[in-house]
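So this one's upload.cif, mmCIF, C-alpha atoms:
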```cif
data_final
#
loop_
_atom_site.label_atom_id
_atom_site.label_comp_id
_atom_site.auth_asym_id
_atom_site.auth_seq_id
_atom_site.Cartn_x
_atom_site.Cartn_y
_atom_site.Cartn_z
CA MET A 26 3.56 20.59 -73.84
CA LYS A 27 1.38 17.70 -72.71
CA ASN A 28 4.36 15.34 -72.46
CA LYS A 29 6.32 17.95 -70.50
CA TYR A 30 3.41 18.31 -68.04
CA PHE A 31 3.21 14.54 -67.73
CA ASN A 32 6.97 14.25 -67.01
CA ILE A 33 6.78 16.95 -64.33
CA LYS A 34 3.78 15.26 -62.73
CA SER A 35 5.57 11.91 -62.77
CA SER A 36 8.68 13.44 -61.20
CA VAL A 37 6.62 15.02 -58.41
CA SER A 38 4.86 11.71 -57.74
CA ALA A 39 8.17 9.88 -57.59
CA LEU A 40 9.53 12.49 -55.17
CA ILE A 41 6.50 12.11 -52.89
CA VAL A 42 6.90 8.33 -52.84
CA PHE A 43 10.63 8.70 -52.08
CA LEU A 44 9.91 11.08 -49.18
CA MET A 45 7.28 8.72 -47.79
CA ILE A 46 9.72 5.81 -47.86
CA LEU A 47 12.42 7.95 -46.27
CA GLY A 48 9.98 9.05 -43.55
CA PHE A 49 8.99 5.48 -42.83
CA ILE A 50 12.63 4.43 -42.48
CA SER A 51 13.37 7.44 -40.27
CA CYS A 52 10.42 6.70 -38.00
CA ASN A 53 11.50 3.12 -37.50
CA LYS A 54 15.18 3.78 -37.18
CA PHE A 55 16.81 7.06 -36.31
CA ALA A 56 20.59 7.41 -36.07
CA GLY A 57 20.85 3.63 -36.11
CA LEU A 58 18.42 3.15 -33.19
CA PRO A 59 15.21 1.12 -33.59
CA ILE A 60 11.90 2.70 -32.73
CA GLN A 61 10.57 1.98 -29.23
CA LYS A 62 8.21 -0.98 -29.17
CA ASP A 63 4.82 -1.01 -27.45
CA ALA A 64 5.00 -2.38 -23.90
CA PRO A 65 2.13 -3.68 -21.75
CA PHE A 66 0.93 -1.20 -19.15
CA ASN A 67 0.92 -2.38 -15.57
CA GLY A 68 -1.73 -0.25 -13.92
CA ALA A 69 -1.07 -1.49 -10.40
CA VAL A 70 2.58 -0.66 -9.92
CA LEU A 71 1.93 2.70 -8.42
CA ASN A 72 4.20 5.70 -8.29
CA ASN A 73 2.31 8.32 -6.35
CA PRO A 74 4.87 10.93 -5.29
CA THR A 75 3.43 13.10 -2.54
CA ASN A 76 6.39 15.51 -2.34
CA MET A 77 5.90 15.33 1.44
CA THR A 78 7.40 13.38 4.30
CA THR A 79 5.22 10.60 5.66
CA TRP A 80 4.43 12.70 8.71
CA ASP A 81 3.31 15.63 6.56
CA TYR A 82 1.27 13.24 4.44
CA ILE A 83 -0.57 11.95 7.53
CA LYS A 84 -1.23 15.50 8.71
CA SER A 85 -2.43 16.55 5.26
CA ARG A 86 -5.36 14.14 5.69
CA GLY A 87 -5.64 14.46 9.44
CA PRO A 88 -8.09 16.44 11.59
CA SER A 89 -9.97 19.19 9.74
CA GLN A 90 -8.09 18.46 6.51
CA GLY A 91 -10.43 17.65 3.64
CA ASP A 92 -11.61 14.07 3.91
CA SER A 93 -9.69 13.58 7.22
CA LEU A 94 -8.97 9.99 6.22
CA PHE A 95 -6.20 9.70 8.80
CA GLU A 96 -7.77 11.74 11.60
CA LEU A 97 -7.84 8.89 14.12
CA MET A 98 -4.39 7.69 13.05
CA TYR A 99 -3.00 11.16 13.70
CA LYS A 100 -4.70 11.31 17.11
CA ALA A 101 -3.36 7.85 17.97
CA ILE A 102 0.19 8.99 17.24
CA ILE A 103 -0.23 12.08 19.41
CA ARG A 104 -1.95 10.11 22.20
CA SER A 105 0.77 7.45 22.26
CA GLY A 106 3.55 10.00 22.76
CA ILE A 107 5.54 8.38 19.98
CA ASP A 108 8.38 10.44 18.51
CA THR A 109 6.89 11.90 15.32
CA ASN A 110 10.40 12.22 13.89
CA LEU A 111 10.14 8.48 13.23
CA TYR A 112 7.77 9.41 10.39
CA THR A 113 10.48 11.46 8.72
CA GLN A 114 13.31 8.89 8.84
CA PRO A 115 14.74 8.01 5.39
CA ASN A 116 14.33 4.71 3.56
CA MET A 117 11.30 3.49 5.51
CA THR A 118 8.06 1.61 4.88
CA TYR A 119 4.96 2.75 6.77
CA ILE A 120 1.57 1.12 7.24
CA ILE A 121 -1.10 3.79 7.79
CA TYR A 122 -4.55 3.15 9.26
CA THR A 123 -7.62 4.79 7.78
CA ASP A 124 -10.32 5.81 10.24
CA SER A 125 -12.26 2.62 9.41
CA ALA A 126 -9.24 0.55 10.51
CA ILE A 127 -9.64 2.11 13.95
CA PHE A 128 -13.34 2.78 14.32
CA SER A 129 -15.88 0.56 12.54
CA ARG A 130 -19.23 2.13 11.86
CA SER A 131 -22.64 0.79 11.00
CA THR A 132 -25.22 3.43 10.04
CA GLY A 133 -23.21 5.97 11.99
CA LYS A 134 -22.88 3.89 15.15
CA THR A 135 -19.90 2.07 16.64
CA THR A 136 -19.83 -1.66 15.99
CA THR A 137 -17.97 -4.39 17.84
CA SER A 138 -16.09 -5.47 14.72
CA THR A 139 -12.70 -6.95 15.54
CA ASN A 140 -11.47 -5.69 12.17
CA SER A 141 -10.97 -2.29 13.80
CA TYR A 142 -8.42 -1.34 16.45
CA TRP A 143 -11.03 -0.19 18.96
CA GLY A 144 -13.01 -3.40 18.42
CA PHE A 145 -9.99 -5.71 18.57
CA TYR A 146 -8.08 -4.06 21.43
CA LYS A 147 -10.93 -3.51 23.87
CA VAL A 148 -10.70 -1.41 27.03
CA PRO A 149 -12.18 -1.95 30.51
CA ASN A 150 -15.28 0.02 31.47
CA SER A 151 -16.13 1.24 34.96
CA ALA A 152 -17.23 -2.27 35.92
CA GLY A 153 -14.02 -3.81 34.66
CA LYS A 154 -15.67 -5.41 31.63
CA LEU A 155 -13.81 -5.20 28.31
CA VAL A 156 -15.78 -3.14 25.78
CA THR A 157 -15.22 -1.52 22.40
CA ALA A 158 -13.46 1.81 22.78
CA THR A 159 -14.92 5.04 21.45
CA ASP A 160 -11.98 7.37 22.02
CA TRP A 161 -8.19 7.18 22.36
CA SER A 162 -8.40 8.70 25.85
CA GLN A 163 -9.70 5.33 27.07
CA TYR A 164 -6.31 3.72 26.40
CA LYS A 165 -4.35 4.11 29.62
CA GLY A 166 -1.48 2.36 31.32
CA ALA A 167 -0.65 -0.95 29.64
CA ASP A 168 -3.21 -0.27 26.90
CA SER A 169 -1.44 2.99 26.04
CA ILE A 170 1.91 1.19 25.85
CA ALA A 171 0.35 -1.46 23.62
CA LEU A 172 -0.94 1.29 21.33
CA LYS A 173 2.54 2.75 20.99
CA ASN A 174 3.96 -0.69 20.23
CA ASN A 175 1.31 -1.31 17.58
CA LEU A 176 2.21 1.98 15.89
CA LEU A 177 5.88 0.97 15.97
CA TYR A 178 4.85 -2.34 14.41
CA LEU A 179 3.62 -0.36 11.40
CA MET A 180 7.14 0.96 10.66
CA ILE A 181 9.77 -1.06 8.83
CA ASN A 182 13.34 -0.20 7.88
CA GLY A 183 13.86 -0.32 4.12
CA VAL A 184 11.42 0.28 1.28
CA HIS A 185 9.07 -2.65 0.64
CA SER A 186 6.93 -2.03 -2.41
CA PHE A 187 5.88 -3.43 -5.77
CA ASN A 188 9.40 -3.55 -7.19
CA ASN A 189 10.85 -5.89 -4.56
CA ILE A 190 8.01 -7.81 -2.88
CA PRO A 191 7.69 -11.39 -4.24
CA ILE A 192 4.88 -11.84 -6.78
CA THR A 193 2.39 -14.68 -6.75
CA TYR A 194 0.77 -15.55 -10.05
CA THR A 195 -2.63 -17.00 -9.31
CA THR A 196 -6.15 -17.05 -10.65
CA LEU A 197 -7.48 -16.63 -7.13
CA SER A 198 -8.54 -13.28 -5.76
CA THR A 199 -6.22 -13.77 -2.79
CA ILE A 200 -2.96 -15.60 -2.30
CA PRO A 201 -2.50 -19.22 -1.17
CA LEU A 202 -0.73 -20.37 1.96
CA THR A 203 2.34 -21.76 0.22
CA THR A 204 3.33 -18.72 -1.77
CA PRO A 205 6.67 -16.84 -1.84
CA PHE A 206 6.77 -14.00 0.66
CA GLU A 207 9.14 -11.48 2.18
CA ILE A 208 9.57 -11.13 5.92
CA ASP A 209 11.25 -8.37 7.93
CA THR A 210 11.40 -6.96 11.44
CA THR A 211 9.55 -3.82 12.48
CA LEU A 212 10.40 -1.02 14.89
CA MET A 213 8.27 -2.62 17.60
CA PRO A 214 10.66 -3.72 20.37
CA GLN A 215 11.26 -7.45 20.43
CA LYS A 216 9.71 -9.65 23.10
CA VAL A 217 7.00 -7.14 24.03
CA ASN A 218 4.39 -9.21 22.20
CA ALA A 219 4.24 -12.87 23.18
CA THR A 220 2.54 -13.87 19.93
CA ASN A 221 5.22 -12.11 17.87
CA PRO A 222 8.40 -12.00 19.99
CA TYR A 223 10.65 -11.07 17.06
CA SER A 224 8.39 -8.25 15.81
CA LEU A 225 8.01 -9.78 12.35
CA ILE A 226 5.88 -8.62 9.44
CA SER A 227 5.51 -10.27 6.04
CA PHE A 228 4.82 -8.87 2.57
CA ASN A 229 3.39 -10.61 -0.45
CA GLN A 230 2.18 -9.50 -3.86
CA SER A 231 -0.52 -10.86 -6.13
CA ASP A 232 -1.26 -9.90 -9.72
CA SER A 233 -4.38 -12.03 -9.97
CA ASN A 234 -6.74 -9.16 -10.77
CA ALA A 235 -6.09 -8.47 -14.45
CA ASN A 236 -2.51 -7.33 -13.81
CA PHE A 237 -3.58 -4.92 -11.10
CA HIS A 238 -1.14 -5.91 -8.40
CA SER A 239 -2.13 -6.10 -4.75
CA ILE A 240 0.08 -6.21 -1.67
CA TYR A 241 -0.82 -8.45 1.26
CA LEU A 242 0.48 -8.16 4.80
CA ASN A 243 1.12 -11.14 7.09
CA ALA A 244 -0.01 -13.70 4.52
CA PHE A 245 2.85 -16.04 5.33
CA PRO A 246 2.37 -19.85 5.23
CA GLY A 247 0.51 -20.85 8.37
CA SER A 248 -0.93 -17.40 9.00
CA LYS A 249 -4.44 -17.26 10.43
CA LEU A 250 -4.92 -13.52 10.02
CA TYR A 251 -8.45 -12.69 8.89
CA LEU A 252 -9.45 -16.30 8.29
CA SER A 253 -13.14 -16.90 8.91
CA THR A 254 -15.93 -19.40 8.35
CA THR A 255 -16.30 -18.03 4.82
CA ASN A 256 -12.55 -17.64 4.21
CA THR A 257 -10.86 -20.77 5.50
CA GLN A 258 -7.61 -20.85 3.54
CA PHE A 259 -6.51 -17.41 2.29
CA PRO A 260 -5.10 -15.30 5.15
CA GLY A 261 -3.55 -11.86 5.29
CA LEU A 262 -4.58 -8.22 5.10
CA LYS A 263 -4.93 -6.79 1.61
CA VAL A 264 -3.57 -3.25 1.38
CA ARG A 265 -6.22 -0.74 0.36
CA THR A 266 -3.82 1.69 -1.37
CA ALA A 267 -0.21 0.65 -1.84
CA GLY A 268 3.01 2.19 -3.07
CA ILE A 269 2.41 5.82 -2.08
CA VAL A 270 5.82 7.46 -2.38
CA THR A 271 6.83 10.01 0.23
CA LYS A 272 10.08 11.93 0.55
CA ASN A 273 11.38 9.42 3.07
CA GLY A 274 9.94 6.12 1.94
CA VAL A 275 6.72 4.40 0.93
CA VAL A 276 3.26 4.22 2.50
CA HIS A 277 0.72 1.39 2.37
CA VAL A 278 -2.79 2.35 3.53
CA VAL A 279 -4.99 -0.30 5.19
CA ASP A 280 -8.60 -0.25 6.36
CA LYS A 281 -8.33 -3.03 8.97
CA VAL A 282 -6.21 -3.36 12.08
CA LEU A 283 -2.93 -5.19 11.48
CA TYR A 284 -1.37 -7.73 13.79
CA TYR A 285 0.66 -10.95 13.53
CA LYS A 286 -1.27 -14.18 13.78
#
```
Show how you would write the structure in this file as structure tokens.
Amino acid sequence: MKNKYFNIKSSVSALIVFLMILGFISCNKFAGLPIQKDAPFNGAVLNNPTNMTTWDYIKSRGPSQGDSLFELMYKAIIRSGIDTNLYTQPNMTYIIYTDSAIFSRSTGKTTTSTNSYWGFYKVPNSAGKLVTATDWSQYKGADSIALKNNLLYLMINGVHSFNNIPITYTTLSTIPLTTPFEIDTTLMPQKVNATNPYSLISFNQSDSNANFHSIYLNAFPGSKLYLSTTNTQFPGLKVRTAGIVTKNGVVHVVDKVLYYK
């Protein structure tokens, strides 16, 4: 009886071992296909589907909507008289201003920072002196036309995002002057801006921050955009939030005014 018990026990043990081996083989190869290998995660290549058009996305964070991040951007679009259907066109790239890209604040007060639209594109006061604006209603005549053209400058045919913008591998926090970049024309009419007669915008991508990619605008070789006494060699505007997918394209959110320099 003891030997019979031992034989049964041995048979069960052998069966368990066989099933374990079979399970291991099955896990690594099923129907002739190898198991999927681990792949590095790229946390910066964003895919943020909004399930909205770009225009609806702007309105969803516009006046009286939660954080109202795009309140002043929305009001600029309405003030300019631009056709809002442009924000629903397919296969487009849009640059969207946050409120801080339009109106810089310091302890609740307006500053004269030229990083903001109102600080960079000043308006004349009653004495004819150029001052920082405090409301879109102050942009009249030629200033209103310039506002519309700047908004058109923030629209580009085609989708420019992480998957097709050239990447710069660098240990620096920003990208150097002689880096690969992509350049395209915007919807701003040509020859309305003497400093940018062909209405050009450039895109660049850096993965210097631990594989968290960043997109830079107008960081082409020779650019002087946002150079300063403390930043003498790395130009361009770094996108605050990039690769936001809308139903009709992609959105890049910036917190400084964008121009070509």
Exercise. Return the single residue from A:Pro115, A:Pro222, A:Gly106, A:Pro88 that is closest to A:Asn182, with distances computed using only C-alpha atoms.
Key: A:Pro115
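The spacing separating atom CA of A:Tyr164 from atom CA of A:Ser227 amounts to 27.4 Å.
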Practice problem: Check what the PyMOL selection byres ((chain A and resi 270-275) around 9) selects in the file above and give those residues as a PyMOL selection string. | Solution: chain A and resi 71-79+82+112-120+183-186+267-269+276-277
Quiz item: For this file, the PyMOL selection byres ((chain A and resi 238-243) around 7) selects which residues, as a VMD selection string?
Solution: chain A and resid 69 to 70 226 to 232 234 236 to 237 244 to 245 248 261 to 264 267 285
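Between atom CA of A:Ile192 and atom CA of A:Ile208 the interatomic distance comes to 13.6 Å.
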Taking a cut-off of 6 Å and counting only C-alpha atoms, can you build a table that, for each residue of stretch 90-137 of chain A near stretch 279-282 of chain A, reports the nearest atom pair and how far apart they are in Å (one decimal), sorted by chain then residue number, as CSV?
```
residue,atom,partner,partner_atom,distance
A:Tyr122,CA,A:Val279,CA,5.4
A:Thr123,CA,A:Asp280,CA,5.3
A:Ser125,CA,A:Asp280,CA,5.6
A:Ala126,CA,A:Lys281,CA,4.0
```
Given the PyMOL selection byres ((chain A and resi 169) around 12), the residues it picks as a PDB file with C-alpha atoms, in the frame of the given file:
```pdb
ATOM      1  CA  ALA A 101      -3.360   7.850  17.970  1.00  0.00           C
ATOM      2  CA  ILE A 102       0.190   8.990  17.240  1.00  0.00           C
ATOM      3  CA  ILE A 103      -0.230  12.080  19.410  1.00  0.00           C
ATOM      4  CA  ARG A 104      -1.950  10.110  22.200  1.00  0.00           C
ATOM      5  CA  SER A 105       0.770   7.450  22.260  1.00  0.00           C
ATOM      6  CA  GLY A 106       3.550  10.000  22.760  1.00  0.00           C
ATOM      7  CA  ILE A 107       5.540   8.380  19.980  1.00  0.00           C
ATOM      8  CA  TYR A 146      -8.080  -4.060  21.430  1.00  0.00           C
ATOM      9  CA  LYS A 147     -10.930  -3.510  23.870  1.00  0.00           C
ATOM     10  CA  VAL A 148     -10.700  -1.410  27.030  1.00  0.00           C
ATOM     11  CA  TRP A 161      -8.190   7.180  22.360  1.00  0.00           C
ATOM     12  CA  SER A 162      -8.400   8.700  25.850  1.00  0.00           C
ATOM     13  CA  GLN A 163      -9.700   5.330  27.070  1.00  0.00           C
ATOM     14  CA  TYR A 164      -6.310   3.720  26.400  1.00  0.00           C
ATOM     15  CA  LYS A 165      -4.350   4.110  29.620  1.00  0.00           C
ATOM     16  CA  GLY A 166      -1.480   2.360  31.320  1.00  0.00           C
ATOM     17  CA  ALA A 167      -0.650  -0.950  29.640  1.00  0.00           C
ATOM     18  CA  ASP A 168      -3.210  -0.270  26.900  1.00  0.00           C
ATOM     19  CA  ILE A 170       1.910   1.190  25.850  1.00  0.00           C
ATOM     20  CA  ALA A 171       0.350  -1.460  23.620  1.00  0.00           C
ATOM     21  CA  LEU A 172      -0.940   1.290  21.330  1.00  0.00           C
ATOM     22  CA  LYS A 173       2.540   2.750  20.990  1.00  0.00           C
ATOM     23  CA  ASN A 174       3.960  -0.690  20.230  1.00  0.00           C
ATOM     24  CA  ASN A 175       1.310  -1.310  17.580  1.00  0.00           C
ATOM     25  CA  LEU A 176       2.210   1.980  15.890  1.00  0.00           C
TER      26      LEU A 176
END
```
Exercise. Take atom CA of A:Phe128 and atom CA of A:Tyr284 and report the distance between them in Å, one decimal.
Key: 15.9 Å
